[in-house]
$ cat run_13.txt   # compact mmCIF, C-alpha atoms and all ligand atoms
# COMPACT_ATOMS: atom_id res chain seq x y z
CA ASN A 1 60.51 95.59 96.89
CA ARG A 2 60.31 91.86 96.40
CA ARG A 3 63.15 89.38 96.28
CA VAL A 4 64.90 88.46 93.07
CA THR A 5 63.50 85.24 91.58
CA VAL A 6 64.93 82.60 89.27
CA ARG A 7 62.58 83.99 86.61
CA ASP A 8 64.38 87.37 86.80
CA LEU A 9 67.67 85.55 86.15
CA ALA A 10 66.24 83.71 83.13
CA LEU A 11 65.03 87.06 81.72
CA ALA A 12 68.49 88.56 82.25
CA LYS A 13 69.99 85.88 79.98
CA GLU A 14 67.37 86.59 77.31
CA ARG A 15 68.28 90.27 77.48
CA GLY A 16 72.02 89.58 77.50
CA GLU A 17 72.44 91.24 80.92
CA LYS A 18 75.27 89.89 83.09
CA TRP A 19 74.82 89.62 86.86
CA PRO A 20 77.04 89.21 89.91
CA MET A 21 76.77 86.71 92.74
CA LEU A 22 78.70 86.73 96.03
CA THR A 23 78.89 84.32 98.91
CA ALA A 24 77.66 85.40 102.35
CA TYR A 25 77.80 83.60 105.68
CA ASP A 26 76.32 86.04 108.20
CA ALA A 27 73.51 88.58 108.47
CA MET A 28 75.57 91.77 108.67
CA THR A 29 77.81 91.11 105.68
CA ALA A 30 74.79 89.90 103.73
CA SER A 31 72.96 93.16 104.49
CA VAL A 32 75.84 95.11 102.93
CA PHE A 33 75.66 93.07 99.72
CA ASP A 34 71.86 93.26 99.70
CA GLU A 35 72.04 97.07 99.99
CA SER A 36 74.66 97.08 97.20
CA GLY A 37 72.18 95.41 94.87
CA ILE A 38 73.86 92.02 94.51
CA PRO A 39 70.93 89.97 93.15
CA VAL A 40 72.02 86.53 94.36
CA LEU A 41 73.80 85.62 97.60
CA LEU A 42 75.17 82.10 97.95
CA VAL A 43 75.49 80.62 101.41
CA GLY A 44 78.25 78.47 100.00
CA ASP A 45 79.83 75.48 101.65
CA SER A 46 82.99 77.56 101.18
CA MET A 47 81.89 78.58 104.70
CA GLY A 48 84.02 75.58 105.69
CA ASN A 49 87.21 77.36 104.63
CA CYS A 50 86.11 80.98 105.05
CA HIS A 51 83.97 81.00 108.15
CA LEU A 52 84.27 77.79 110.16
CA GLY A 53 88.02 77.13 109.99
CA TYR A 54 87.93 73.75 108.22
CA GLU A 55 90.54 72.85 105.61
CA SER A 56 87.98 72.10 102.89
CA THR A 57 84.23 72.08 102.26
CA VAL A 58 84.00 68.37 103.00
CA PRO A 59 83.31 68.57 106.80
CA VAL A 60 80.53 71.18 106.48
CA THR A 61 77.22 69.87 107.88
CA LEU A 62 73.60 70.53 106.94
CA ASP A 63 73.07 72.03 110.42
CA GLU A 64 75.82 74.57 109.73
CA VAL A 65 74.44 75.53 106.32
CA ALA A 66 70.91 75.75 107.79
CA MET A 67 72.01 78.09 110.59
CA LEU A 68 74.03 80.45 108.39
CA THR A 69 71.37 80.47 105.66
CA ALA A 70 68.77 81.60 108.19
CA ALA A 71 71.13 84.41 109.27
CA VAL A 72 71.68 85.56 105.66
CA VAL A 73 67.93 85.50 104.99
CA ARG A 74 67.32 87.62 108.13
CA GLY A 75 69.93 90.13 106.98
CA THR A 76 68.52 90.65 103.48
CA ARG A 77 65.40 91.97 101.78
CA HIS A 78 66.01 91.88 98.02
CA SER A 79 68.66 89.27 97.21
CA LEU A 80 67.76 85.73 96.25
CA VAL A 81 69.37 83.57 98.95
CA LEU A 82 70.81 80.36 97.56
CA ALA A 83 71.94 77.64 100.00
CA ASP A 84 74.59 75.04 99.16
CA LEU A 85 73.76 71.41 99.88
CA PRO A 86 76.87 70.20 101.74
CA PHE A 87 78.77 66.98 101.10
CA GLY A 88 76.82 63.96 102.32
CA SER A 89 73.43 65.67 102.27
CA TYR A 90 72.35 64.59 98.74
CA GLN A 91 74.75 61.91 97.41
CA GLU A 92 72.57 59.03 98.68
CA GLY A 93 69.92 59.92 96.14
CA ALA A 94 67.00 62.08 95.20
CA VAL A 95 64.97 61.43 98.35
CA GLN A 96 67.84 62.42 100.64
CA ALA A 97 68.44 65.51 98.50
CA LEU A 98 64.78 66.49 98.81
CA ARG A 99 64.81 66.01 102.59
CA SER A 100 67.93 68.21 102.92
CA ALA A 101 66.78 70.89 100.51
CA THR A 102 63.33 71.04 102.09
CA ARG A 103 64.94 71.86 105.41
CA LEU A 104 66.97 74.73 103.90
CA VAL A 105 63.89 76.17 102.19
CA LYS A 106 61.35 75.60 104.97
CA GLU A 107 63.40 76.13 108.11
CA SER A 108 66.07 78.59 106.90
CA GLY A 109 64.12 80.48 104.24
CA ALA A 110 66.39 79.78 101.24
CA GLY A 111 64.85 80.66 97.86
CA ALA A 112 66.86 78.02 96.00
CA VAL A 113 69.61 75.44 96.58
CA LYS A 114 72.83 74.47 94.82
CA LEU A 115 74.46 71.08 94.53
CA GLU A 116 77.56 69.71 92.80
CA GLY A 117 77.67 67.34 89.83
CA GLY A 118 76.40 67.08 86.27
CA GLU A 119 75.03 63.79 84.92
CA ARG A 120 75.68 62.16 88.29
CA SER A 121 73.30 64.56 90.09
CA ALA A 122 70.52 64.71 87.48
CA ASP A 123 68.10 62.51 89.48
CA GLN A 124 68.43 64.74 92.53
CA ILE A 125 67.91 67.91 90.48
CA ASP A 126 64.87 66.43 88.77
CA LEU A 127 63.06 65.55 92.01
CA LEU A 128 63.87 68.88 93.70
CA VAL A 129 62.63 70.87 90.70
CA ARG A 130 59.46 68.76 90.41
CA SER A 131 58.92 69.43 94.12
CA GLY A 132 59.08 73.17 93.61
CA ILE A 133 62.62 73.91 94.75
CA PRO A 134 64.75 75.85 92.23
CA VAL A 135 68.20 74.27 91.80
CA MET A 136 71.51 75.71 90.64
CA ALA A 137 73.96 73.01 89.55
CA HIS A 138 77.77 73.20 89.77
CA VAL A 139 80.16 71.49 87.33
CA GLY A 140 83.82 71.68 86.41
CA LEU A 141 85.87 71.76 89.60
CA THR A 142 83.60 70.46 92.37
CA PRO A 143 85.39 71.01 95.70
CA GLN A 144 83.36 68.37 97.57
CA SER A 145 85.23 65.82 95.40
CA VAL A 146 88.67 67.17 96.34
CA HIS A 147 89.84 63.73 97.51
CA ALA A 148 89.09 62.32 94.04
CA MET A 149 89.97 65.23 91.72
CA GLY A 150 92.19 67.64 93.67
CA TYR A 151 91.94 71.38 92.95
CA ARG A 152 92.79 71.30 89.24
CA VAL A 153 91.47 72.93 86.08
CA GLN A 154 88.68 70.80 84.60
CA GLY A 155 87.46 70.42 81.02
CA ARG A 156 90.92 70.69 79.45
CA GLY A 157 91.30 68.67 76.23
CA GLU A 158 88.62 67.66 73.74
CA GLU A 159 87.28 64.67 75.66
CA ALA A 160 87.01 66.52 78.98
CA ALA A 161 85.39 69.50 77.25
CA GLN A 162 82.77 67.22 75.67
CA GLN A 163 82.05 65.64 79.07
CA LEU A 164 81.64 69.08 80.62
CA LEU A 165 79.16 70.01 77.91
CA ARG A 166 77.23 66.76 78.50
CA ASP A 167 77.17 67.51 82.24
CA ALA A 168 75.89 71.04 81.68
CA LYS A 169 73.18 69.81 79.28
CA ALA A 170 72.18 67.07 81.74
CA VAL A 171 71.54 69.57 84.55
CA GLN A 172 69.63 71.84 82.18
CA ASP A 173 67.49 68.88 81.04
CA ALA A 174 66.90 67.92 84.69
CA GLY A 175 65.46 71.40 85.28
CA ALA A 176 68.28 73.39 86.90
CA PHE A 177 67.73 77.15 86.57
CA ALA A 178 71.46 77.91 86.27
CA VAL A 179 74.83 76.19 86.47
CA VAL A 180 78.15 77.18 88.04
CA LEU A 181 81.22 76.52 85.88
CA GLU A 182 84.25 76.41 88.19
CA LEU A 183 87.85 76.53 86.96
CA VAL A 184 87.38 75.57 83.32
CA PRO A 185 89.12 77.04 80.25
CA GLY A 186 87.50 80.25 78.98
CA GLN A 187 86.77 78.83 75.51
CA VAL A 188 85.02 75.79 77.01
CA ALA A 189 82.91 77.99 79.32
CA ALA A 190 82.01 80.17 76.32
CA GLU A 191 80.88 77.14 74.32
CA VAL A 192 78.81 75.81 77.24
CA THR A 193 77.24 79.26 77.71
CA ARG A 194 76.29 79.44 74.02
CA SER A 195 74.87 75.90 74.09
CA LEU A 196 72.57 76.35 77.10
CA HIS A 197 69.41 78.41 77.50
CA ILE A 198 69.92 78.61 81.30
CA PRO A 199 72.50 81.06 82.69
CA THR A 200 76.06 79.95 83.40
CA VAL A 201 77.75 81.38 86.49
CA GLY A 202 81.51 81.45 86.11
CA ILE A 203 84.26 81.30 88.71
CA GLY A 204 87.65 81.01 87.10
CA ALA A 205 85.84 80.36 83.81
CA GLY A 206 86.56 83.51 81.82
CA PRO A 207 84.47 86.47 80.69
CA ASP A 208 81.84 84.79 78.52
CA CYS A 209 79.62 83.30 81.24
CA ASP A 210 76.23 84.90 81.87
CA ALA A 211 77.08 85.67 85.50
CA GLN A 212 80.15 85.71 87.75
CA VAL A 213 80.53 84.52 91.34
CA LEU A 214 83.31 85.13 93.85
CA VAL A 215 83.82 84.10 97.45
CA TRP A 216 83.29 87.36 99.33
CA THR A 217 86.33 87.03 101.62
CA ASP A 218 88.51 86.59 98.51
CA MET A 219 87.12 89.56 96.58
CA ALA A 220 87.27 91.78 99.68
CA GLY A 221 90.84 90.86 100.57
CA LEU A 222 90.04 89.20 103.91
CA THR A 223 91.28 85.71 103.00
CA PRO A 224 94.94 85.29 104.01
CA GLY A 225 97.69 83.96 101.71
CA LYS A 226 97.96 83.58 97.99
CA LEU A 227 94.68 83.51 96.08
CA PRO A 228 93.91 81.74 92.80
CA ARG A 229 94.70 83.73 89.65
CA PHE A 230 91.03 84.24 88.78
CA VAL A 231 90.30 86.25 91.95
CA LYS A 232 90.24 90.04 91.74
CA ARG A 233 90.61 91.81 95.10
CA TYR A 234 88.29 94.81 95.35
CA ALA A 235 89.31 95.80 98.89
CA GLU A 236 92.01 95.05 101.47
CA LEU A 237 89.87 94.19 104.48
CA ARG A 238 92.52 92.02 106.12
CA SER A 239 94.98 94.89 106.51
CA ALA A 240 92.21 97.42 107.31
CA LEU A 241 90.81 95.23 110.09
CA GLY A 242 94.27 94.36 111.40
CA GLU A 243 95.18 98.05 111.59
CA ALA A 244 91.95 98.80 113.45
CA ALA A 245 92.64 96.04 115.99
CA THR A 246 96.24 97.22 116.50
CA ALA A 247 95.13 100.84 116.97
CA PHE A 248 92.53 99.77 119.54
CA ALA A 249 95.15 97.71 121.41
CA GLU A 250 97.58 100.65 121.48
CA ASP A 251 94.89 103.04 122.69
CA VAL A 252 93.93 100.72 125.52
CA ALA A 253 97.55 100.13 126.57
CA GLY A 254 98.37 103.86 126.36
CA GLY A 255 95.19 105.08 128.01
CA ALA A 256 93.98 106.99 124.94
CA TYR A 257 90.78 104.97 124.88
CA PRO A 258 88.29 105.49 126.34
CA GLY A 259 88.44 109.30 126.40
CA ALA A 260 86.11 111.74 128.09
CA GLU A 261 83.83 111.69 125.04
CA HIS A 262 83.31 107.94 125.48
CA THR A 263 82.60 108.18 129.21
CA VAL A 264 79.43 109.05 131.11
CA SER A 265 79.86 111.17 134.20
O1 LIG B 1 80.74 77.38 98.12
C1 LIG B 1 81.00 78.27 97.27
O2 LIG B 1 81.47 79.38 97.60
C2 LIG B 1 80.73 77.96 95.86
C3 LIG B 1 81.07 79.01 94.85
C4 LIG B 1 82.54 79.11 94.69
C5 LIG B 1 80.38 78.77 93.56
O3 LIG B 1 80.23 76.91 95.58
NA NA B 2 80.12 75.38 97.20

$ encode --input "run_13.txt" --output "structure tokens" --more "lines below"
Ligand code: KIV
Ligand code: NA
Amino acid sequence: NRRVTVRDLALAKERGEKWPMLTAYDAMTASVFDESGIPVLLVGDSMGNCHLGYESTVPVTLDEVAMLTAAVVRGTRHSLVLADLPFGSYQEGAVQALRSATRLVKESGAGAVKLEGGERSADQIDLLVRSGIPVMAHVGLTPQSVHAMGYRVQGRGEEAAQQLLRDAKAVQDAGAFAVVLELVPGQVAAEVTRSLHIPTVGIGAGPDCDAQVLVWTDMAGLTPGKLPRFVKRYAELRSALGEAATAFAEDVAGGAYPGAEHTVS
């Protein structure tokens, strides 16, 4: 009855076992995923889009990640809780990254942190890992760089594929325990996965990664509008919740709720 550790994830790769990861932003949703046996929950900076109403991940603050990470930790018993370092909380260098990550581990109870970038973030990863904080890296499409790269497939073409491989090797050499590959061609993700001894966690990166991650509001059908092609919707929470709200409104207007069974006399 202990929490999943990064060592368990390394063993899974050795055994060829694939594992799922979901985002979570609050205690109650996190408790559902924890009870469902999802081994890793990411308090992603996708909270900007999915939870806080921002248009991207860029405005998300360390305070916001710290608060929601603490909630997810309180709501879970088994899952490894991984906190995203938000934009601006690690780009200044390794010391800033350590200060930010320390807060998420010490104050919020995160078991590991994630940050974006390959070669460019190797110094930060190295210091965090030497300080005892497990780090997941994130290469390919890195949404915190949306103003520079847009939301486009990365690693397409021989040169870009080679750079992606160099980035993935750089984070492995710096000590990362795993690396997210976001929106890269399936063949490139497969080659990176074969080339690394640490697990790759794919999102829009095809079936050959060691693990798969989805944003929970996407996979559960709560996110409105058109979703990227790589998302599979496993539920239709948006319509289910909307129907519940409409039924409640009608019951109140028509006097059907509350009934005698809901009323003390
Ligand atoms: O913030 C997030 O949800 C992420 C995943 C998409 C990997 O970084
Ligand atoms: Na993120």

$ residues_near_ligand --input "run_13.txt" --ligand "ligand NA 2 (chain B)" --cutoff "9 Å" --atoms "all atoms listed in the file" --output "CSV table (one decimal) with C-alpha atoms, keeping the file's coordinate frame"
chain,number,residue,atom,x,y,z
A,42,LEU,CA,75.2,82.1,98.0
A,43,VAL,CA,75.5,80.6,101.4
A,44,GLY,CA,78.2,78.5,100.0
A,45,ASP,CA,79.8,75.5,101.6
A,46,SER,CA,83.0,77.6,101.2
A,47,MET,CA,81.9,78.6,104.7
A,57,THR,CA,84.2,72.1,102.3
A,83,ALA,CA,71.9,77.6,100.0
A,84,ASP,CA,74.6,75.0,99.2
A,85,LEU,CA,73.8,71.4,99.9
A,86,PRO,CA,76.9,70.2,101.7
A,114,LYS,CA,72.8,74.5,94.8
A,115,LEU,CA,74.5,71.1,94.5
A,116,GLU,CA,77.6,69.7,92.8
A,138,HIS,CA,77.8,73.2,89.8
A,142,THR,CA,83.6,70.5,92.4
A,143,PRO,CA,85.4,71.0,95.7
A,144,GLN,CA,83.4,68.4,97.6

$ atom_distance --input "run_13.txt" --atom1 "atom CA of A:Val180" --atom2 "atom CA of A:Val201"
4.5 Å

$ atom_distance --input "run_13.txt" --atom1 "atom CA of A:Val213" --atom2 "atom CA of A:Glu119"
22.4 Å

$ residues_around --input "run_13.txt" --residues "stretch 67-79 of chain A" --least-positions-apart "3" --cutoff "8 Å" --atoms "all atoms listed in the file" --output "MDAnalysis selection string"
chainID A and resid 1:4 24:28 30:31 34 37:41 43 63:64 83 104 107:110

$ atom_distance --input "run_13.txt" --atom1 "atom CA of A:Asp210" --atom2 "atom CA of A:Lys18"
5.2 Å

$ closest_residue --input "run_13.txt" --among "A:Ala245, A:Val32, A:Val60, A:Leu128" --to "ligand LIG 1 (chain B)" --atoms "only C-alpha atoms and all ligand atoms"
A:Val60

$ closest_residue --input "run_13.txt" --among "A:Leu11, A:Leu196, A:Val6, A:Leu227" --to "A:Ile133" --atoms "only C-alpha atoms"
A:Val6

$ axis_aligned_box --input "run_13.txt" --around "ligand LIG 1 (chain B)" --padding-each-side "4 Å" --output "AutoDock Vina command-line options"
--center_x 81.4 --center_y 78.1 --center_z 95.8 --size_x 10.3 --size_y 10.5 --size_z 12.6

$ residues_around --input "run_13.txt" --residues "A:Ile198" --least-positions-apart "4" --cutoff "12 Å" --atoms "only C-alpha atoms" --output "JSON, numbers by chain"
{"A": [6, 7, 8, 9, 10, 11, 12, 13, 14, 16, 135, 136, 137, 168, 169, 170, 171, 172, 173, 174, 175, 176, 177, 178, 179, 180, 192, 193, 194, 209, 210, 211]}

$ write_last_selection --input "run_13.txt" --atoms "C-alpha atoms" --output "PDB file, keeping the file's coordinate frame"
ATOM      1  CA  VAL A   6      64.930  82.600  89.270  1.00  0.00           C
ATOM      2  CA  ARG A   7      62.580  83.990  86.610  1.00  0.00           C
ATOM      3  CA  ASP A   8      64.380  87.370  86.800  1.00  0.00           C
ATOM      4  CA  LEU A   9      67.670  85.550  86.150  1.00  0.00           C
ATOM      5  CA  ALA A  10      66.240  83.710  83.130  1.00  0.00           C
ATOM      6  CA  LEU A  11      65.030  87.060  81.720  1.00  0.00           C
ATOM      7  CA  ALA A  12      68.490  88.560  82.250  1.00  0.00           C
ATOM      8  CA  LYS A  13      69.990  85.880  79.980  1.00  0.00           C
ATOM      9  CA  GLU A  14      67.370  86.590  77.310  1.00  0.00           C
ATOM     10  CA  GLY A  16      72.020  89.580  77.500  1.00  0.00           C
ATOM     11  CA  VAL A 135      68.200  74.270  91.800  1.00  0.00           C
ATOM     12  CA  MET A 136      71.510  75.710  90.640  1.00  0.00           C
ATOM     13  CA  ALA A 137      73.960  73.010  89.550  1.00  0.00           C
ATOM     14  CA  ALA A 168      75.890  71.040  81.680  1.00  0.00           C
ATOM     15  CA  LYS A 169      73.180  69.810  79.280  1.00  0.00           C
ATOM     16  CA  ALA A 170      72.180  67.070  81.740  1.00  0.00           C
ATOM     17  CA  VAL A 171      71.540  69.570  84.550  1.00  0.00           C
ATOM     18  CA  GLN A 172      69.630  71.840  82.180  1.00  0.00           C
ATOM     19  CA  ASP A 173      67.490  68.880  81.040  1.00  0.00           C
ATOM     20  CA  ALA A 174      66.900  67.920  84.690  1.00  0.00           C
ATOM     21  CA  GLY A 175      65.460  71.400  85.280  1.00  0.00           C
ATOM     22  CA  ALA A 176      68.280  73.390  86.900  1.00  0.00           C
ATOM     23  CA  PHE A 177      67.730  77.150  86.570  1.00  0.00           C
ATOM     24  CA  ALA A 178      71.460  77.910  86.270  1.00  0.00           C
ATOM     25  CA  VAL A 179      74.830  76.190  86.470  1.00  0.00           C
ATOM     26  CA  VAL A 180      78.150  77.180  88.040  1.00  0.00           C
ATOM     27  CA  VAL A 192      78.810  75.810  77.240  1.00  0.00           C
ATOM     28  CA  THR A 193      77.240  79.260  77.710  1.00  0.00           C
ATOM     29  CA  ARG A 194      76.290  79.440  74.020  1.00  0.00           C
ATOM     30  CA  CYS A 209      79.620  83.300  81.240  1.00  0.00           C
ATOM     31  CA  ASP A 210      76.230  84.900  81.870  1.00  0.00           C
ATOM     32  CA  ALA A 211      77.080  85.670  85.500  1.00  0.00           C
TER      33      ALA A 211
END

$ build_atoms --input "run_13.txt" --residues "stretch 187-200 of chain A" --atoms "N, CA and C atoms" --output "PDB file, keeping the file's coordinate frame"
ATOM      1  N   GLN A 187      87.437  79.209  76.768  1.00  0.00           N
ATOM      2  CA  GLN A 187      86.770  78.830  75.510  1.00  0.00           C
ATOM      3  C   GLN A 187      85.707  77.773  75.751  1.00  0.00           C
ATOM      4  N   VAL A 188      85.988  76.854  76.701  1.00  0.00           N
ATOM      5  CA  VAL A 188      85.020  75.790  77.010  1.00  0.00           C
ATOM      6  C   VAL A 188      83.800  76.402  77.686  1.00  0.00           C
ATOM      7  N   ALA A 189      84.033  77.327  78.633  1.00  0.00           N
ATOM      8  CA  ALA A 189      82.910  77.990  79.320  1.00  0.00           C
ATOM      9  C   ALA A 189      82.074  78.783  78.309  1.00  0.00           C
ATOM     10  N   ALA A 190      82.736  79.401  77.347  1.00  0.00           N
ATOM     11  CA  ALA A 190      82.010  80.170  76.320  1.00  0.00           C
ATOM     12  C   ALA A 190      81.127  79.242  75.497  1.00  0.00           C
ATOM     13  N   GLU A 191      81.673  78.071  75.134  1.00  0.00           N
ATOM     14  CA  GLU A 191      80.880  77.140  74.320  1.00  0.00           C
ATOM     15  C   GLU A 191      79.686  76.615  75.116  1.00  0.00           C
ATOM     16  N   VAL A 192      79.912  76.281  76.406  1.00  0.00           N
ATOM     17  CA  VAL A 192      78.810  75.810  77.240  1.00  0.00           C
ATOM     18  C   VAL A 192      77.744  76.899  77.349  1.00  0.00           C
ATOM     19  N   THR A 193      78.179  78.140  77.547  1.00  0.00           N
ATOM     20  CA  THR A 193      77.240  79.260  77.710  1.00  0.00           C
ATOM     21  C   THR A 193      76.393  79.455  76.452  1.00  0.00           C
ATOM     22  N   ARG A 194      77.028  79.322  75.278  1.00  0.00           N
ATOM     23  CA  ARG A 194      76.290  79.440  74.020  1.00  0.00           C
ATOM     24  C   ARG A 194      75.305  78.296  73.823  1.00  0.00           C
ATOM     25  N   SER A 195      75.672  77.103  74.345  1.00  0.00           N
ATOM     26  CA  SER A 195      74.870  75.900  74.090  1.00  0.00           C
ATOM     27  C   SER A 195      73.663  75.772  75.000  1.00  0.00           C
ATOM     28  N   LEU A 196      73.644  76.507  76.122  1.00  0.00           N
ATOM     29  CA  LEU A 196      72.570  76.350  77.100  1.00  0.00           C
ATOM     30  C   LEU A 196      71.595  77.521  77.008  1.00  0.00           C
ATOM     31  N   HIS A 197      70.328  77.276  77.366  1.00  0.00           N
ATOM     32  CA  HIS A 197      69.410  78.410  77.500  1.00  0.00           C
ATOM     33  C   HIS A 197      69.359  78.918  78.932  1.00  0.00           C
ATOM     34  N   ILE A 198      69.862  78.119  79.911  1.00  0.00           N
ATOM     35  CA  ILE A 198      69.920  78.610  81.300  1.00  0.00           C
ATOM     36  C   ILE A 198      71.240  79.354  81.505  1.00  0.00           C
ATOM     37  N   PRO A 199      71.274  80.305  82.472  1.00  0.00           N
ATOM     38  CA  PRO A 199      72.500  81.060  82.690  1.00  0.00           C
ATOM     39  C   PRO A 199      73.641  80.218  83.259  1.00  0.00           C
ATOM     40  N   THR A 200      74.859  80.518  82.806  1.00  0.00           N
ATOM     41  CA  THR A 200      76.060  79.950  83.400  1.00  0.00           C
ATOM     42  C   THR A 200      76.663  80.989  84.341  1.00  0.00           C
TER      43      THR A 200
END
